[in-house]
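The structure appears below as structure tokens.
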Amino acid sequence: MVNQELAKIFYEIADYLDMEGNAVPFKSIAFKKVANNLESSNEDAGNIYKKGGLKALMEISGVGKGIAFKIEEYLKTGKIKELIALKKRTPVDLGGLMRIEGLGPRKIKILYQKLGVRNIKDLEKTAKAHKIASLFGFGEKTEKNILEGIEFLKRSNEEFLLGEILPKVRKIIAELKNLKEVKRISEAGSVRRRKETIGDADILIVSSNPKKVIDYFISMPSVVKVWAKGSTKASIRFKDGFDSDLRVLSEKQFGSALQYFTGSKEHNIALRKIAINKGLKLSEYGLFKGPKIIAGKTEEEIYEKLGLQWIPPEMRENQGEIEVAKIHKIPQLVELNNIKGDLHCHSHWGDGNGKEGIENLVKMAIRIGYEYIGISDHTKFLRIEHGLDEKQLAEQNKAIKSLNSKFYILNSNFRILHGCEANILADGSIDIKDEALAKLDYVIAGVHSQMKMSKEKMTERIIKAMENPNVDIISHPTGRVIQQRDEYEIDFAQILKVAKETGTILEINASPVRLDLNDNNIRKAKEMGAKMIINTDAHQPEQMRFMEYGVSQARRGWAEKKDIINTQSVEKILAVFKRP
DNA sequence: GCCGTTTTCGGCCCGACTGTTTTCAGTCG
């Protein structure tokens, strides 16, 4: 998508401008702002230009005459001359160098001018040669920090999956709660916003005895390094490799601190601007009118005093939620306890787990409190997963019927549905015969092979599958695996259109490595009115607990209960499927 | 460079920390 390319370029321009320390310091802010807007926009700048030219581009928030011309230049020539000129003037790897903690554009400029540092390699060499400490504005400590920063970068694994971090954060919080000095405690930051990947975990605490809480925190057995320790905060690394910041606050600031540390940064900036317009000032210490604090104890009162409805953390990305909160139209987001069943569960029927595999999944579903479960094993094309053929599906169907009567005795409200996760082959056909598919309660179909097709071909392939009257659900529709594999190339708008026309349901795959659809696509699907289902794709009963991550992602995509079909009863859900 | 229900000019988010200074610039979240 051209928006991402443009955003990257504008961020880069902004960094180079910052480095030059230009005469118009706010120019770089303008570039960063527009980069951020483009990044999070659902509307492709290329399309906007095609439809309405320069004038339409200038309708984009943050785009004026100058930037509109630059977007046009990029669309026409594939490059932007100003950036090329900036790079030529100061040929350094700014993006790379800025990843070193403590180095920003201005210091990098000095390092380049005085020592000819162009990249991290140069930087390491000059630091080790002890040339940096004597520079004006630098010193021994800075040089040491740079070397540490390079080391840190070398072994840092950046971001962790929400599915890895959230359970650990909950464990830490549970442990801290045991302290009688802890009055209140909450997760904050991107964990609270349920971002799919997490850099570090923020935890906030109200306590009358900060010292004791901090000391306890940094001496937890799983702590391997203390980065920083103050009287009210600490920063540590756990042995699993992730960092965590703890802050101890007073009760009367808890709301404003929670708001501030939950972010996102962009959301907070927007809120502070609203505060300024009202003659107020917002910070982590409260909402102030002059020297007087007028809100701070709870998040709700801060939003209220700013004239806004309270905004769920998952929506706080400054992607339109503030405008919606102004008119009190924040959607009633779907919740975990709205979910009545999971229709994408693998029993391993084909690798000999048989009935037992199904029973274990059913027991878990009942324990969770579901009203139904769908068994959907892989089909024959996926030999490596012991995919089922038509005959095995028929046998499985019999077994499920008998299990249904068995569990009926235990819980007459519970239903086992029989489906499968069939394969969409390269030509868009399904690897199981239509007669066999028609005998199931529902059919999921997904792409599991040949993922590197052209955009046109892949779109056509999935559309053909959606047009099959036996295919009810498309699993993990974009195929991405977080930090491992990109989405396949598809025209998602086109897919949404056909999904709506054919009544095909798009899956929000709740597996923490997939979360596919992602938040942006969920929002597009919602806007288009396409139906979605949240499934876990569990390959063992415990993984049915992944549902929570799918629901979080749905909430980040602003989805409501009515957008998600497995918030409905089994009768209603069967009526949504295509087969009679 | 962008923007406007106080503004077409004069603003543009806030506070803390660090390391370097001798009163502050740069960086971070």
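By order in the structure tokens, chains are A, B, ...; within a chain, residues start at 1; ligands start at 1, following the order shown.
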
- [ ] Identify all residues of region 61-103 of chain A in alpha helix (DSSP H) (DSSP on the backbone) and supply them as a VMD selection string.
- [x] chain A and resid 65 to 77 81 to 89 94 to 97

Just the selected residues (C-alpha atoms), exported as a compact mmCIF listing (two decimals), in the first residue's frame, please.
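Ended up saving to part-v6.txt:
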```
# COMPACT_ATOMS: atom_id res chain seq x y z
CA LYS A 65 -0.03 22.29 -0.86
CA GLY A 66 3.60 21.34 -0.28
CA ILE A 67 3.01 17.76 0.82
CA ALA A 68 0.29 17.20 -1.77
CA PHE A 69 2.83 18.02 -4.47
CA LYS A 70 5.27 15.58 -2.88
CA ILE A 71 2.70 12.79 -2.86
CA GLU A 72 1.97 13.52 -6.50
CA GLU A 73 5.68 13.44 -7.25
CA TYR A 74 6.02 10.05 -5.59
CA LEU A 75 3.00 8.59 -7.35
CA LYS A 76 4.31 9.75 -10.71
CA THR A 77 8.05 9.14 -10.38
CA LYS A 81 13.66 14.70 -4.74
CA GLU A 82 13.81 16.50 -1.42
CA LEU A 83 14.64 13.28 0.42
CA ILE A 84 17.33 12.40 -2.09
CA ALA A 85 18.84 15.86 -1.66
CA LEU A 86 18.72 15.58 2.13
CA LYS A 87 20.45 12.21 2.06
CA LYS A 88 23.07 13.53 -0.31
CA ARG A 89 23.78 16.47 1.96
CA LEU A 94 19.84 7.96 10.23
CA GLY A 95 17.18 5.32 10.80
CA GLY A 96 19.74 2.76 11.89
CA LEU A 97 21.69 5.09 14.14
```

Task: DSSP strand (DSSP E) selection over region 61-238 of chain A, as a PyMOL selection string - done: chain A and resi 160-161+182-188+197-198+200-207+223-229+233-238

Write down, as an mmCIF file with N, CA and C atoms (P, O5', C5', C4', C3', O3' and C1' of nucleotides), in the first residue's frame, each residue of chain B that has any atom within 10 Å of an atom of chain A, counting only C-alpha atoms (C1' of nucleotides).
```cif
data_model
loop_
_atom_site.group_PDB
_atom_site.id
_atom_site.type_symbol
_atom_site.label_atom_id
_atom_site.label_comp_id
_atom_site.auth_asym_id
_atom_site.auth_seq_id
_atom_site.Cartn_x
_atom_site.Cartn_y
_atom_site.Cartn_z
ATOM 1 P P DG B 1 7.963 23.779 2.838
ATOM 2 O "O5'" DG B 1 7.149 23.102 4.056
ATOM 3 C "C5'" DG B 1 6.958 21.709 4.032
ATOM 4 C "C4'" DG B 1 5.650 21.403 4.730
ATOM 5 C "C3'" DG B 1 4.434 22.104 4.133
ATOM 6 O "O3'" DG B 1 3.341 21.188 4.205
ATOM 7 C "C1'" DG B 1 4.691 22.802 6.383
ATOM 8 P P DC B 2 1.876 21.551 3.699
ATOM 9 O "O5'" DC B 2 1.111 21.705 5.091
ATOM 10 C "C5'" DC B 2 1.162 20.628 6.018
ATOM 11 C "C4'" DC B 2 0.273 20.948 7.200
ATOM 12 C "C3'" DC B 2 -1.108 21.483 6.812
ATOM 13 O "O3'" DC B 2 -2.085 20.795 7.565
ATOM 14 C "C1'" DC B 2 -0.020 22.999 8.286
ATOM 15 P P DC B 3 -3.640 20.982 7.137
ATOM 16 O "O5'" DC B 3 -4.195 21.871 8.337
ATOM 17 C "C5'" DC B 3 -3.884 21.560 9.687
ATOM 18 C "C4'" DC B 3 -4.342 22.715 10.546
ATOM 19 C "C3'" DC B 3 -5.631 23.346 10.034
ATOM 20 O "O3'" DC B 3 -6.661 23.158 11.000
ATOM 21 C "C1'" DC B 3 -3.955 25.009 10.502
ATOM 22 P P DT B 6 -13.779 29.010 19.736
ATOM 23 O "O5'" DT B 6 -12.206 29.203 19.472
ATOM 24 C "C5'" DT B 6 -11.712 29.940 18.351
ATOM 25 C "C4'" DT B 6 -11.942 31.431 18.498
ATOM 26 C "C3'" DT B 6 -11.013 32.320 17.660
ATOM 27 O "O3'" DT B 6 -11.786 33.063 16.724
ATOM 28 C "C1'" DT B 6 -10.803 32.846 20.002
ATOM 29 P P DC B 12 2.295 26.843 20.954
ATOM 30 O "O5'" DC B 12 2.200 25.647 19.896
ATOM 31 C "C5'" DC B 12 0.972 24.921 19.764
ATOM 32 C "C4'" DC B 12 1.098 24.010 18.582
ATOM 33 C "C3'" DC B 12 2.118 22.880 18.804
ATOM 34 O "O3'" DC B 12 1.501 21.644 18.546
ATOM 35 C "C1'" DC B 12 2.473 23.969 16.728
ATOM 36 P P DC B 13 1.909 20.366 19.418
ATOM 37 O "O5'" DC B 13 1.466 20.770 20.885
ATOM 38 C "C5'" DC B 13 0.203 20.350 21.371
ATOM 39 C "C4'" DC B 13 0.363 19.762 22.743
ATOM 40 C "C3'" DC B 13 1.303 20.564 23.622
ATOM 41 O "O3'" DC B 13 0.706 20.643 24.918
ATOM 42 C "C1'" DC B 13 2.048 18.338 23.515
ATOM 43 P P DC B 14 1.299 21.478 26.068
ATOM 44 O "O5'" DC B 14 2.002 20.360 26.948
ATOM 45 C "C5'" DC B 14 1.199 19.446 27.666
ATOM 46 C "C4'" DC B 14 2.104 18.555 28.473
ATOM 47 C "C3'" DC B 14 3.124 19.329 29.318
ATOM 48 O "O3'" DC B 14 2.833 19.065 30.674
ATOM 49 C "C1'" DC B 14 4.135 17.503 28.143
ATOM 50 P P DG B 15 3.545 19.873 31.810
ATOM 51 O "O5'" DG B 15 4.638 18.826 32.292
ATOM 52 C "C5'" DG B 15 4.201 17.554 32.744
ATOM 53 C "C4'" DG B 15 5.388 16.642 32.874
ATOM 54 C "C3'" DG B 15 6.519 17.237 33.722
ATOM 55 O "O3'" DG B 15 6.777 16.298 34.750
ATOM 56 C "C1'" DG B 15 7.346 16.386 31.655
ATOM 57 P P DT B 18 18.179 9.500 34.951
ATOM 58 O "O5'" DT B 18 19.305 9.798 33.886
ATOM 59 C "C5'" DT B 18 19.065 9.534 32.503
ATOM 60 C "C4'" DT B 18 20.081 10.282 31.693
ATOM 61 C "C3'" DT B 18 21.427 10.459 32.403
ATOM 62 O "O3'" DT B 18 22.395 9.769 31.657
ATOM 63 C "C1'" DT B 18 20.684 12.503 31.394
ATOM 64 P P DG B 19 23.793 9.492 32.225
ATOM 65 O "O5'" DG B 19 24.616 10.673 31.538
ATOM 66 C "C5'" DG B 19 24.537 10.813 30.131
ATOM 67 C "C4'" DG B 19 25.107 12.154 29.748
ATOM 68 C "C3'" DG B 19 26.469 12.457 30.391
ATOM 69 O "O3'" DG B 19 27.306 12.984 29.379
ATOM 70 C "C1'" DG B 19 24.966 14.225 30.816
ATOM 71 P P DT B 20 28.774 13.117 29.605
ATOM 72 O "O5'" DT B 20 28.935 14.686 29.504
ATOM 73 C "C5'" DT B 20 28.637 15.322 28.260
ATOM 74 C "C4'" DT B 20 28.062 16.683 28.506
ATOM 75 C "C3'" DT B 20 29.023 17.681 29.137
ATOM 76 O "O3'" DT B 20 29.816 18.268 28.124
ATOM 77 C "C1'" DT B 20 26.794 17.909 30.007
ATOM 78 P P DT B 21 30.857 19.295 28.554
ATOM 79 O "O5'" DT B 21 29.969 20.593 28.636
ATOM 80 C "C5'" DT B 21 30.063 21.438 29.765
ATOM 81 C "C4'" DT B 21 28.800 22.253 29.885
ATOM 82 C "C3'" DT B 21 28.972 23.448 30.793
ATOM 83 O "O3'" DT B 21 29.391 24.571 30.028
ATOM 84 C "C1'" DT B 21 27.043 22.213 31.423
ATOM 85 P P DA B 25 19.305 25.472 25.421
ATOM 86 O "O5'" DA B 25 19.789 24.377 24.394
ATOM 87 C "C5'" DA B 25 21.182 24.138 24.200
ATOM 88 C "C4'" DA B 25 21.367 22.668 23.886
ATOM 89 C "C3'" DA B 25 20.405 22.137 22.816
ATOM 90 O "O3'" DA B 25 21.155 21.355 21.914
ATOM 91 C "C1'" DA B 25 20.170 20.869 24.813
ATOM 92 P P DG B 26 20.455 20.732 20.653
ATOM 93 O "O5'" DG B 26 20.221 19.235 21.115
ATOM 94 C "C5'" DG B 26 21.324 18.471 21.598
ATOM 95 C "C4'" DG B 26 20.802 17.161 22.109
ATOM 96 C "C3'" DG B 26 19.807 16.477 21.172
ATOM 97 O "O3'" DG B 26 20.320 15.193 20.908
ATOM 98 C "C1'" DG B 26 18.966 16.536 23.389
ATOM 99 P P DT B 27 19.596 14.160 19.986
ATOM 100 O "O5'" DT B 27 18.749 13.292 21.002
ATOM 101 C "C5'" DT B 27 19.414 12.587 22.039
ATOM 102 C "C4'" DT B 27 18.381 11.922 22.921
ATOM 103 C "C3'" DT B 27 17.281 11.169 22.161
ATOM 104 O "O3'" DT B 27 17.403 9.784 22.449
ATOM 105 C "C1'" DT B 27 16.404 12.467 23.968
ATOM 106 P P DC B 28 16.415 8.724 21.802
ATOM 107 O "O5'" DC B 28 15.318 8.554 22.943
ATOM 108 C "C5'" DC B 28 15.724 8.277 24.267
ATOM 109 C "C4'" DC B 28 14.510 8.266 25.161
ATOM 110 C "C3'" DC B 28 13.312 7.538 24.541
ATOM 111 O "O3'" DC B 28 13.031 6.375 25.309
ATOM 112 C "C1'" DC B 28 12.676 9.652 25.503
ATOM 113 P P DG B 29 12.066 5.228 24.730
ATOM 114 O "O5'" DG B 29 10.698 5.534 25.473
ATOM 115 C "C5'" DG B 29 10.659 5.608 26.890
ATOM 116 C "C4'" DG B 29 9.318 6.153 27.298
ATOM 117 C "C3'" DG B 29 8.153 5.510 26.542
ATOM 118 O "O3'" DG B 29 7.112 5.209 27.465
ATOM 119 C "C1'" DG B 29 8.057 7.853 26.300
#
```

Task: For Ile293 (chain A), the nearest of the candidates A:Ile60, A:Ala510, A:Leu280, A:Ala559, counting only C-alpha atoms - done: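 Smallest distance to Ile293 (chain A) is found for A:Leu280.
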
Open item on the list: What does the structure give for the distance between CA of Leu249 (chain A) and CA of Gly307 (chain A), in Å to one decimal?
Closed with: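 Atom-to-atom, CA of Leu249 (chain A) and CA of Gly307 (chain A) are spaced 25.6 Å apart.
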
- [ ] Have a look at A:Ala538, A:Leu336, A:Met466, A:Leu361 and name the one nearest to Val551 (chain A); count only C-alpha atoms.
- [x]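 Under the stated criterion, the closest residue is A:Leu336.
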
- [ ] Just give me the gap between CA of Lys278 (chain A) and CA of Lys329 (chain A) in Å, one decimal is fine.
- [x]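 Going from CA of Lys278 (chain A) over to CA of Lys329 (chain A) covers 21.2 Å.
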
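The neighbours of region 40-49 of chain A here are the residues that come within 10 Å of it, using only C-alpha atoms (C1' of nucleotides) and leaving out any residue fewer than 5 positions away in the same chain; they are Met1, Val2, Asn3, Gln4, Leu6, Ala7, Ala35, Leu54, Lys55, Ala56, Leu57, Met58, Glu59, Ile60, Ala68, Ile71, Glu72, Tyr74, Leu75, Glu317, Asn318, Gln319, Gly320, Asn520, Asn521, Arg523 and Lys524 of chain A.
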
Open item on the list: Would you compute the distance between CA of Arg170 (chain A) and CA of Glu300 (chain A)? Give it in Å to one decimal.
Closed with: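 Interatomic distance, CA of Arg170 (chain A) to CA of Glu300 (chain A): 23.5 Å.
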
Open item on the list: Which residues are close to region 200-206 of chain A, i.e. within 9 Å by only C-alpha atoms (C1' of nucleotides), leaving aside same-chain residues fewer than 2 positions away? Reply as number ranges by chain.
Closed with: A: 159-160, 165-166, 169, 173, 181-192, 198, 208-210, 213, 242-251, 254, 257-258, 261-262
